[in-house]
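Here's structure.pdb, which has PDB, N, CA and C atoms:
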ATOM      1  N   MET A  19     126.014  99.360 101.731
ATOM      2  CA  MET A  19     126.244  98.358 100.709
ATOM      3  C   MET A  19     127.390  97.465 101.175
ATOM      4  N   THR A  20     127.233  96.183 101.064
ATOM      5  CA  THR A  20     128.278  95.257 101.475
ATOM      6  C   THR A  20     129.182  94.952 100.296
ATOM      7  N   ALA A  21     130.319  94.332 100.576
ATOM      8  CA  ALA A  21     131.241  93.960  99.499
ATOM      9  C   ALA A  21     130.556  93.020  98.517
ATOM     10  N   LYS A  22     129.723  92.137  99.028
ATOM     11  CA  LYS A  22     128.997  91.204  98.156
ATOM     12  C   LYS A  22     128.084  91.962  97.199
ATOM     13  N   ASP A  23     127.422  93.015  97.701
ATOM     14  CA  ASP A  23     126.510  93.794  96.876
ATOM     15  C   ASP A  23     127.229  94.533  95.759
ATOM     16  N   SER A  24     128.465  94.959  96.002
ATOM     17  CA  SER A  24     129.172  95.751  95.006
ATOM     18  C   SER A  24     129.844  94.882  93.957
ATOM     19  N   GLY A  25     129.801  93.571  94.105
ATOM     20  CA  GLY A  25     130.484  92.682  93.187
ATOM     21  C   GLY A  25     129.677  92.305  91.966
ATOM     22  N   GLY A  26     128.644  93.049  91.641
ATOM     23  CA  GLY A  26     127.880  92.762  90.439
ATOM     24  C   GLY A  26     126.808  91.712  90.650
ATOM     25  N   SER A  27     126.482  91.399  91.900
ATOM     26  CA  SER A  27     125.427  90.421  92.155
ATOM     27  C   SER A  27     124.074  91.035  91.845
ATOM     28  N   SER A  28     123.027  90.247  91.989
ATOM     29  CA  SER A  28     121.687  90.741  91.694
ATOM     30  C   SER A  28     121.063  91.471  92.872
ATOM     31  N   ALA A  29     121.801  91.694  93.953
ATOM     32  CA  ALA A  29     121.245  92.335  95.146
ATOM     33  C   ALA A  29     120.623  93.697  94.858
ATOM     34  N   PRO A  30     121.269  94.597  94.090
ATOM     35  CA  PRO A  30     120.628  95.890  93.837
ATOM     36  C   PRO A  30     119.287  95.732  93.129
ATOM     37  N   HIS A  31     119.171  94.752  92.256
ATOM     38  CA  HIS A  31     117.906  94.534  91.561
ATOM     39  C   HIS A  31     116.835  94.070  92.541
ATOM     40  N   ARG A  32     117.192  93.215  93.470
ATOM     41  CA  ARG A  32     116.225  92.752  94.467
ATOM     42  C   ARG A  32     115.760  93.913  95.323
ATOM     43  N   LEU A  33     116.659  94.810  95.679
ATOM     44  CA  LEU A  33     116.277  95.933  96.532
ATOM     45  C   LEU A  33     115.366  96.915  95.799
ATOM     46  N   ASP A  34     115.399  96.904  94.477
ATOM     47  CA  ASP A  34     114.488  97.742  93.691
ATOM     48  C   ASP A  34     113.098  97.118  93.602
ATOM     49  N   ASP A  35     112.975  95.859  93.968
ATOM     50  CA  ASP A  35     111.724  95.114  93.889
ATOM     51  C   ASP A  35     110.858  95.452  95.101
ATOM     52  N   ASP A  36     109.658  95.993  94.853
ATOM     53  CA  ASP A  36     108.748  96.363  95.943
ATOM     54  C   ASP A  36     108.325  95.173  96.801
ATOM     55  N   ASP A  37     108.430  93.965  96.251
ATOM     56  CA  ASP A  37     108.000  92.777  96.980
ATOM     57  C   ASP A  37     109.150  92.048  97.673
ATOM     58  N   TYR A  38     110.371  92.537  97.523
ATOM     59  CA  TYR A  38     111.518  91.887  98.159
ATOM     60  C   TYR A  38     111.498  92.166  99.667
ATOM     61  N   PRO A  39     111.512  91.121 100.494
ATOM     62  CA  PRO A  39     111.430  91.310 101.958
ATOM     63  C   PRO A  39     112.766  91.758 102.551
ATOM     64  N   ALA A  40     113.049  93.038 102.453
ATOM     65  CA  ALA A  40     114.353  93.579 102.821
ATOM     66  C   ALA A  40     114.447  94.079 104.259
ATOM     67  N   TYR A  41     113.322  94.279 104.945
ATOM     68  CA  TYR A  41     113.347  94.963 106.233
ATOM     69  C   TYR A  41     112.974  94.048 107.390
ATOM     70  N   THR A  42     113.766  94.109 108.439
ATOM     71  CA  THR A  42     113.454  93.363 109.657
ATOM     72  C   THR A  42     112.266  94.027 110.344
ATOM     73  N   MET A  43     111.677  93.320 111.287
ATOM     74  CA  MET A  43     110.544  93.885 112.007
ATOM     75  C   MET A  43     110.943  95.165 112.735
ATOM     76  N   GLY A  44     112.090  95.145 113.376
ATOM     77  CA  GLY A  44     112.540  96.332 114.108
ATOM     78  C   GLY A  44     112.730  97.525 113.197
ATOM     79  N   ARG A  45     113.363  97.304 112.055
ATOM     80  CA  ARG A  45     113.597  98.391 111.098
ATOM     81  C   ARG A  45     112.272  98.861 110.506
ATOM     82  N   ALA A  46     111.386  97.935 110.187
ATOM     83  CA  ALA A  46     110.081  98.304 109.641
ATOM     84  C   ALA A  46     109.300  99.154 110.639
ATOM     85  N   ALA A  47     109.283  98.732 111.894
ATOM     86  CA  ALA A  47     108.570  99.489 112.924
ATOM     87  C   ALA A  47     109.176 100.881 113.076
ATOM     88  N   GLU A  48     110.488 100.955 113.042
ATOM     89  CA  GLU A  48     111.175 102.247 113.154
ATOM     90  C   GLU A  48     110.806 103.159 111.986
ATOM     91  N   MET A  49     110.812 102.618 110.788
ATOM     92  CA  MET A  49     110.479 103.408 109.595
ATOM     93  C   MET A  49     109.050 103.925 109.646
ATOM     94  N   LEU A  50     108.138 103.131 110.214
ATOM     95  CA  LEU A  50     106.728 103.513 110.282
ATOM     96  C   LEU A  50     106.401 104.337 111.519
ATOM     97  N   GLY A  51     107.345 104.409 112.455
ATOM     98  CA  GLY A  51     107.082 105.125 113.699
ATOM     99  C   GLY A  51     106.075 104.403 114.566
ATOM    100  N   THR A  52     106.144 103.083 114.558
ATOM    101  CA  THR A  52     105.207 102.267 115.323
ATOM    102  C   THR A  52     105.982 101.219 116.112
ATOM    103  N   THR A  53     105.292 100.218 116.606
ATOM    104  CA  THR A  53     105.936  99.179 117.402
ATOM    105  C   THR A  53     105.887  97.839 116.669
ATOM    106  N   PRO A  54     106.772  96.926 117.024
ATOM    107  CA  PRO A  54     106.672  95.580 116.471
ATOM    108  C   PRO A  54     105.315  94.935 116.780
ATOM    109  N   ALA A  55     104.740  95.247 117.930
ATOM    110  CA  ALA A  55     103.426  94.688 118.288
ATOM    111  C   ALA A  55     102.361  95.110 117.276
ATOM    112  N   PHE A  56     102.450  96.344 116.786
ATOM    113  CA  PHE A  56     101.496  96.816 115.771
ATOM    114  C   PHE A  56     101.641  95.981 114.496
ATOM    115  N   LEU A  57     102.869  95.732 114.089
ATOM    116  CA  LEU A  57     103.099  94.910 112.891
ATOM    117  C   LEU A  57     102.610  93.484 113.105
ATOM    118  N   ARG A  58     102.826  92.941 114.289
ATOM    119  CA  ARG A  58     102.312  91.597 114.574
ATOM    120  C   ARG A  58     100.790  91.581 114.505
ATOM    121  N   ALA A  59     100.153  92.642 115.010
ATOM    122  CA  ALA A  59      98.687  92.729 114.972
ATOM    123  C   ALA A  59      98.179  92.755 113.528
ATOM    124  N   LEU A  60      98.906  93.418 112.643
ATOM    125  CA  LEU A  60      98.506  93.430 111.228
ATOM    126  C   LEU A  60      98.610  92.038 110.636
ATOM    127  N   GLY A  61      99.601  91.289 111.068
ATOM    128  CA  GLY A  61      99.735  89.908 110.628
ATOM    129  C   GLY A  61      98.617  89.042 111.162
ATOM    130  N   GLU A  62      98.266  89.230 112.433
ATOM    131  CA  GLU A  62      97.172  88.458 113.036
ATOM    132  C   GLU A  62      95.844  88.753 112.350
ATOM    133  N   ALA A  63      95.683  89.998 111.899
ATOM    134  CA  ALA A  63      94.459  90.389 111.184
ATOM    135  C   ALA A  63      94.523  89.976 109.709
ATOM    136  N   ARG A  64      95.626  89.363 109.308
ATOM    137  CA  ARG A  64      95.848  88.877 107.946
ATOM    138  C   ARG A  64      95.876  89.987 106.900
ATOM    139  N   LEU A  65      96.268  91.172 107.333
ATOM    140  CA  LEU A  65      96.426  92.260 106.368
ATOM    141  C   LEU A  65      97.723  92.066 105.592
ATOM    142  N   ILE A  66      98.777  91.745 106.295
ATOM    143  CA  ILE A  66     100.056  91.443 105.660
ATOM    144  C   ILE A  66     100.601  90.156 106.262
ATOM    145  N   THR A  67     101.251  89.374 105.440
ATOM    146  CA  THR A  67     101.859  88.128 105.901
ATOM    147  C   THR A  67     103.323  88.143 105.472
ATOM    148  N   PRO A  68     104.183  88.677 106.327
ATOM    149  CA  PRO A  68     105.586  88.765 105.941
ATOM    150  C   PRO A  68     106.247  87.389 105.929
ATOM    151  N   PRO A  69     107.103  87.148 104.942
ATOM    152  CA  PRO A  69     107.842  85.885 104.954
ATOM    153  C   PRO A  69     108.843  85.907 106.109
ATOM    154  N   ARG A  70     109.386  84.765 106.400
ATOM    155  CA  ARG A  70     110.356  84.675 107.486
ATOM    156  C   ARG A  70     111.732  84.328 106.941
ATOM    157  N   SER A  71     112.735  84.860 107.616
ATOM    158  CA  SER A  71     114.117  84.556 107.248
ATOM    159  C   SER A  71     114.434  83.127 107.659
ATOM    160  N   GLU A  72     115.609  82.646 107.278
ATOM    161  CA  GLU A  72     116.017  81.302 107.673
ATOM    162  C   GLU A  72     116.029  81.153 109.188
ATOM    163  N   GLY A  73     116.274  82.240 109.896
ATOM    164  CA  GLY A  73     116.279  82.214 111.358
ATOM    165  C   GLY A  73     114.896  82.361 111.977
ATOM    166  N   GLY A  74     113.865  82.492 111.133
ATOM    167  CA  GLY A  74     112.501  82.582 111.637
ATOM    168  C   GLY A  74     112.004  83.989 111.911
ATOM    169  N   HIS A  75     112.769  85.002 111.523
ATOM    170  CA  HIS A  75     112.375  86.388 111.771
ATOM    171  C   HIS A  75     111.546  86.926 110.620
ATOM    172  N   ARG A  76     110.536  87.725 110.957
ATOM    173  CA  ARG A  76     109.689  88.331 109.927
ATOM    174  C   ARG A  76     110.506  89.336 109.125
ATOM    175  N   ARG A  77     110.251  89.358 107.813
ATOM    176  CA  ARG A  77     110.908  90.303 106.910
ATOM    177  C   ARG A  77     109.818  90.996 106.088
ATOM    178  N   TYR A  78     109.915  92.312 105.952
ATOM    179  CA  TYR A  78     108.882  93.109 105.305
ATOM    180  C   TYR A  78     109.387  93.731 104.009
ATOM    181  N   SER A  79     108.509  93.803 103.028
ATOM    182  CA  SER A  79     108.820  94.449 101.752
ATOM    183  C   SER A  79     108.325  95.898 101.790
ATOM    184  N   ARG A  80     108.749  96.674 100.814
ATOM    185  CA  ARG A  80     108.273  98.064 100.733
ATOM    186  C   ARG A  80     106.769  98.102 100.495
ATOM    187  N   TYR A  81     106.272  97.163  99.703
ATOM    188  CA  TYR A  81     104.820  97.091  99.474
ATOM    189  C   TYR A  81     104.087  96.858 100.798
ATOM    190  N   GLN A  82     104.562  95.935 101.594
ATOM    191  CA  GLN A  82     103.935  95.662 102.881
ATOM    192  C   GLN A  82     104.045  96.864 103.819
ATOM    193  N   LEU A  83     105.148  97.593 103.734
ATOM    194  CA  LEU A  83     105.300  98.784 104.571
ATOM    195  C   LEU A  83     104.301  99.863 104.164
ATOM    196  N   ARG A  84     104.010  99.979 102.879
ATOM    197  CA  ARG A  84     102.994 100.958 102.447
ATOM    198  C   ARG A  84     101.625 100.575 102.996
ATOM    199  N   ILE A  85     101.301  99.302 102.970
ATOM    200  CA  ILE A  85     100.026  98.846 103.523
ATOM    201  C   ILE A  85      99.979  99.118 105.021
ATOM    202  N   ALA A  86     101.067  98.803 105.713
ATOM    203  CA  ALA A  86     101.132  99.030 107.158
ATOM    204  C   ALA A  86     101.022 100.521 107.482
ATOM    205  N   ALA A  87     101.623 101.366 106.647
ATOM    206  CA  ALA A  87     101.529 102.815 106.859
ATOM    207  C   ALA A  87     100.089 103.290 106.710
ATOM    208  N   ARG A  88      99.367 102.736 105.734
ATOM    209  CA  ARG A  88      97.950 103.084 105.557
ATOM    210  C   ARG A  88      97.135 102.649 106.775
ATOM    211  N   ALA A  89      97.442 101.456 107.289
ATOM    212  CA  ALA A  89      96.743 100.979 108.489
ATOM    213  C   ALA A  89      97.034 101.900 109.666
ATOM    214  N   ARG A  90      98.282 102.292 109.806
ATOM    215  CA  ARG A  90      98.635 103.178 110.924
ATOM    216  C   ARG A  90      97.906 104.510 110.799
ATOM    217  N   GLU A  91      97.796 105.013 109.578
ATOM    218  CA  GLU A  91      97.075 106.263 109.335
ATOM    219  C   GLU A  91      95.628 106.149 109.815
ATOM    220  N   LEU A  92      94.960 105.060 109.463
ATOM    221  CA  LEU A  92      93.573 104.857 109.882
ATOM    222  C   LEU A  92      93.460 104.690 111.395
ATOM    223  N   VAL A  93      94.368 103.937 111.978
ATOM    224  CA  VAL A  93      94.348 103.727 113.438
ATOM    225  C   VAL A  93      94.606 105.043 114.156
ATOM    226  N   ASP A  94      95.527 105.841 113.639
ATOM    227  CA  ASP A  94      95.810 107.145 114.252
ATOM    228  C   ASP A  94      94.593 108.072 114.192
ATOM    229  N   GLN A  95      93.698 107.829 113.220
ATOM    230  CA  GLN A  95      92.475 108.632 113.097
ATOM    231  C   GLN A  95      91.355 108.088 113.981
ATOM    232  N   GLY A  96      91.650 107.013 114.725
ATOM    233  CA  GLY A  96      90.666 106.472 115.652
ATOM    234  C   GLY A  96      89.951 105.224 115.187
ATOM    235  N   THR A  97      90.325 104.687 114.042
ATOM    236  CA  THR A  97      89.697 103.470 113.540
ATOM    237  C   THR A  97      90.289 102.263 114.262
ATOM    238  N   PRO A  98      89.466 101.368 114.782
ATOM    239  CA  PRO A  98      90.007 100.149 115.406
ATOM    240  C   PRO A  98      90.836  99.363 114.388
ATOM    241  N   ILE A  99      91.867  98.706 114.851
ATOM    242  CA  ILE A  99      92.801  98.032 113.947
ATOM    243  C   ILE A  99      92.114  96.999 113.069
ATOM    244  N   GLU A 100      91.157  96.251 113.610
ATOM    245  CA  GLU A 100      90.455  95.246 112.801
ATOM    246  C   GLU A 100      89.677  95.915 111.678
ATOM    247  N   ALA A 101      89.028  97.034 111.979
ATOM    248  CA  ALA A 101      88.266  97.772 110.964
ATOM    249  C   ALA A 101      89.210  98.393 109.938
ATOM    250  N   ALA A 102      90.347  98.908 110.381
ATOM    251  CA  ALA A 102      91.329  99.493 109.469
ATOM    252  C   ALA A 102      91.815  98.438 108.483
ATOM    253  N   CYS A 103      92.086  97.246 108.979
ATOM    254  CA  CYS A 103      92.539  96.167 108.099
ATOM    255  C   CYS A 103      91.467  95.809 107.085
ATOM    256  N   ARG A 104      90.234  95.734 107.524
ATOM    257  CA  ARG A 104      89.127  95.404 106.619
ATOM    258  C   ARG A 104      88.949  96.487 105.555
ATOM    259  N   ILE A 105      89.063  97.745 105.953
ATOM    260  CA  ILE A 105      88.947  98.859 105.001
ATOM    261  C   ILE A 105      90.021  98.739 103.930
ATOM    262  N   ILE A 106      91.255  98.464 104.338
ATOM    263  CA  ILE A 106      92.359  98.370 103.389
ATOM    264  C   ILE A 106      92.160  97.190 102.444
ATOM    265  N   ILE A 107      91.713  96.071 102.968
ATOM    266  CA  ILE A 107      91.443  94.902 102.125
ATOM    267  C   ILE A 107      90.365  95.231 101.101
ATOM    268  N   LEU A 108      89.301  95.887 101.531
ATOM    269  CA  LEU A 108      88.221  96.259 100.609
ATOM    270  C   LEU A 108      88.691  97.278  99.577
ATOM    271  N   GLU A 109      89.504  98.241  99.994
ATOM    272  CA  GLU A 109      90.053  99.213  99.045
ATOM    273  C   GLU A 109      90.892  98.501  97.980
ATOM    274  N   ASP A 110      91.699  97.538  98.420
ATOM    275  CA  ASP A 110      92.542  96.787  97.501
ATOM    276  C   ASP A 110      91.690  95.975  96.528
ATOM    277  N   GLN A 111      90.638  95.329  97.028
ATOM    278  CA  GLN A 111      89.755  94.544  96.168
ATOM    279  C   GLN A 111      89.046  95.442  95.156
ATOM    280  N   LEU A 112      88.617  96.613  95.587
ATOM    281  CA  LEU A 112      87.964  97.555  94.682
ATOM    282  C   LEU A 112      88.928  98.012  93.593
ATOM    283  N   GLN A 113      90.144  98.337  93.970
ATOM    284  CA  GLN A 113      91.140  98.772  92.992
ATOM    285  C   GLN A 113      91.405  97.674  91.963
ATOM    286  N   GLU A 114      91.511  96.423  92.407
ATOM    287  CA  GLU A 114      91.743  95.310  91.494
ATOM    288  C   GLU A 114      90.535  95.116  90.571
ATOM    289  N   ALA A 115      89.326  95.216  91.107
ATOM    290  CA  ALA A 115      88.124  95.070  90.285
ATOM    291  C   ALA A 115      88.055  96.181  89.240
ATOM    292  N   GLN A 116      88.416  97.397  89.617
ATOM    293  CA  GLN A 116      88.413  98.504  88.670
ATOM    294  C   GLN A 116      89.453  98.284  87.575
ATOM    295  N   ARG A 117      90.616  97.748  87.930
ATOM    296  CA  ARG A 117      91.657  97.465  86.950
ATOM    297  C   ARG A 117      91.170  96.414  85.948
ATOM    298  N   ILE A 118      90.570  95.348  86.450
ATOM    299  CA  ILE A 118      90.051  94.291  85.572
ATOM    300  C   ILE A 118      88.950  94.836  84.680
ATOM    301  N   ASN A 119      88.066  95.627  85.247
ATOM    302  CA  ASN A 119      86.970  96.225  84.479
ATOM    303  C   ASN A 119      87.525  97.090  83.353
ATOM    304  N   GLU A 120      88.539  97.867  83.646
ATOM    305  CA  GLU A 120      89.153  98.723  82.624
ATOM    306  C   GLU A 120      89.768  97.881  81.520
ATOM    307  N   GLU A 121      90.434  96.796  81.880
ATOM    308  CA  GLU A 121      91.024  95.906  80.870
ATOM    309  C   GLU A 121      89.950  95.316  79.968
ATOM    310  N   LEU A 122      88.827  94.934  80.550
ATOM    311  CA  LEU A 122      87.749  94.324  79.775
ATOM    312  C   LEU A 122      87.065  95.340  78.855
ATOM    313  N   ARG A 123      87.126  96.591  79.205
ATOM    314  CA  ARG A 123      86.484  97.639  78.376
ATOM    315  C   ARG A 123      87.344  98.056  77.199
ATOM    316  N   ARG A 124      88.633  97.792  77.251
ATOM    317  CA  ARG A 124      89.519  98.177  76.154
ATOM    318  C   ARG A 124      89.199  97.330  74.933
ATOM    319  N   PRO A 125      89.179  97.964  73.767
ATOM    320  CA  PRO A 125      88.949  97.175  72.556
ATOM    321  C   PRO A 125      90.130  96.220  72.328
ATOM    322  N   ALA A 126      89.819  95.063  71.809
ATOM    323  CA  ALA A 126      90.859  94.071  71.532
ATOM    324  C   ALA A 126      91.788  94.614  70.460
ATOM    325  N   ALA A 127      93.082  94.405  70.629
ATOM    326  CA  ALA A 127      94.068  94.844  69.634
ATOM    327  C   ALA A 127      94.012  93.937  68.409
ATOM    328  N   GLY A 128      94.348  94.477  67.295
ATOM    329  CA  GLY A 128      94.377  93.676  66.072
ATOM    330  C   GLY A 128      93.412  94.204  65.035
ATOM    331  N   PRO A 129      93.429  93.572  63.857
ATOM    332  CA  PRO A 129      92.563  94.038  62.757
ATOM    333  C   PRO A 129      91.084  93.825  63.076
ATOM    334  N   GLN A 130      90.302  94.801  62.699
ATOM    335  CA  GLN A 130      88.848  94.747  62.903
ATOM    336  C   GLN A 130      88.175  94.542  61.547
ATOM    337  N   SER A 131      87.117  93.756  61.475
ATOM    338  CA  SER A 131      86.405  93.534  60.210
ATOM    339  C   SER A 131      85.308  94.542  60.067
TER     340      SER A 131
END
Step by step, read the file and then write its structure as structure tokens.
Amino acid sequence: MTAKDSGGSSAPHRLDDDDYPAYTMGRAAEMLGTTPAFLRALGEARLITPPRSEGGHRRYSRYQLRIAARARELVDQGTPIEAACRIIILEDQLQEAQRINEELRRPAAGPQS
């Protein structure tokens, strides 16, 4: 924690945000036990698109690291990286469709006649 972080700024709240791009490519690769090239390949396959810092460096969020970890799991099982990315995208689309379907099945709140 830096002195700036301890001064009551909103930094701790940002770090609690799964979408906050807190990790450099090197740190992300280290956390996943992979290489920066693997993370770049995920970007090329459009599985994750990390934002860039003011200096132009890729920054990864915890959400993106979870996706990258799932891709690494599939690749480690022998799935080609392009296929692993497609599987994850389809899984994500299915999960979103199921969520929407569940919302549509819920009865509308409010008085019923």
Those of chain A in DSSP strand (DSSP E), formatted as number ranges by chain: A: 41-42, 77-78
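Minimum atom-to-atom distance to Ile106 (chain A), evaluated using only C-alpha atoms, belongs to A:Gln82 out of A:Gln82, A:Asn119, A:Thr53, A:Ser71.
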Pick out the residues sitting within 12 Å of region 90-95 of chain A, and hand them over as a count of residues only; count only C-alpha atoms, and ignore anything fewer than 4 positions along from it in its own chain. 22
Just the number, please: distance in Å from CA of Tyr38 (chain A) to atom C of Tyr78 (chain A), one decimal. 6.5 Å
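When atom N of Asp37 (chain A) is paired with atom N of Arg80 (chain A), their separation reads 5.3 Å.
Between CA of Ala40 (chain A) and CA of Ala89 (chain A) there is a distance of 19.9 Å.
Shortest atom-to-atom contact with Thr42 (chain A) among A:Gln116, A:Ser79, A:Thr67, A:Thr97: A:Ser79, counting only C-alpha atoms.
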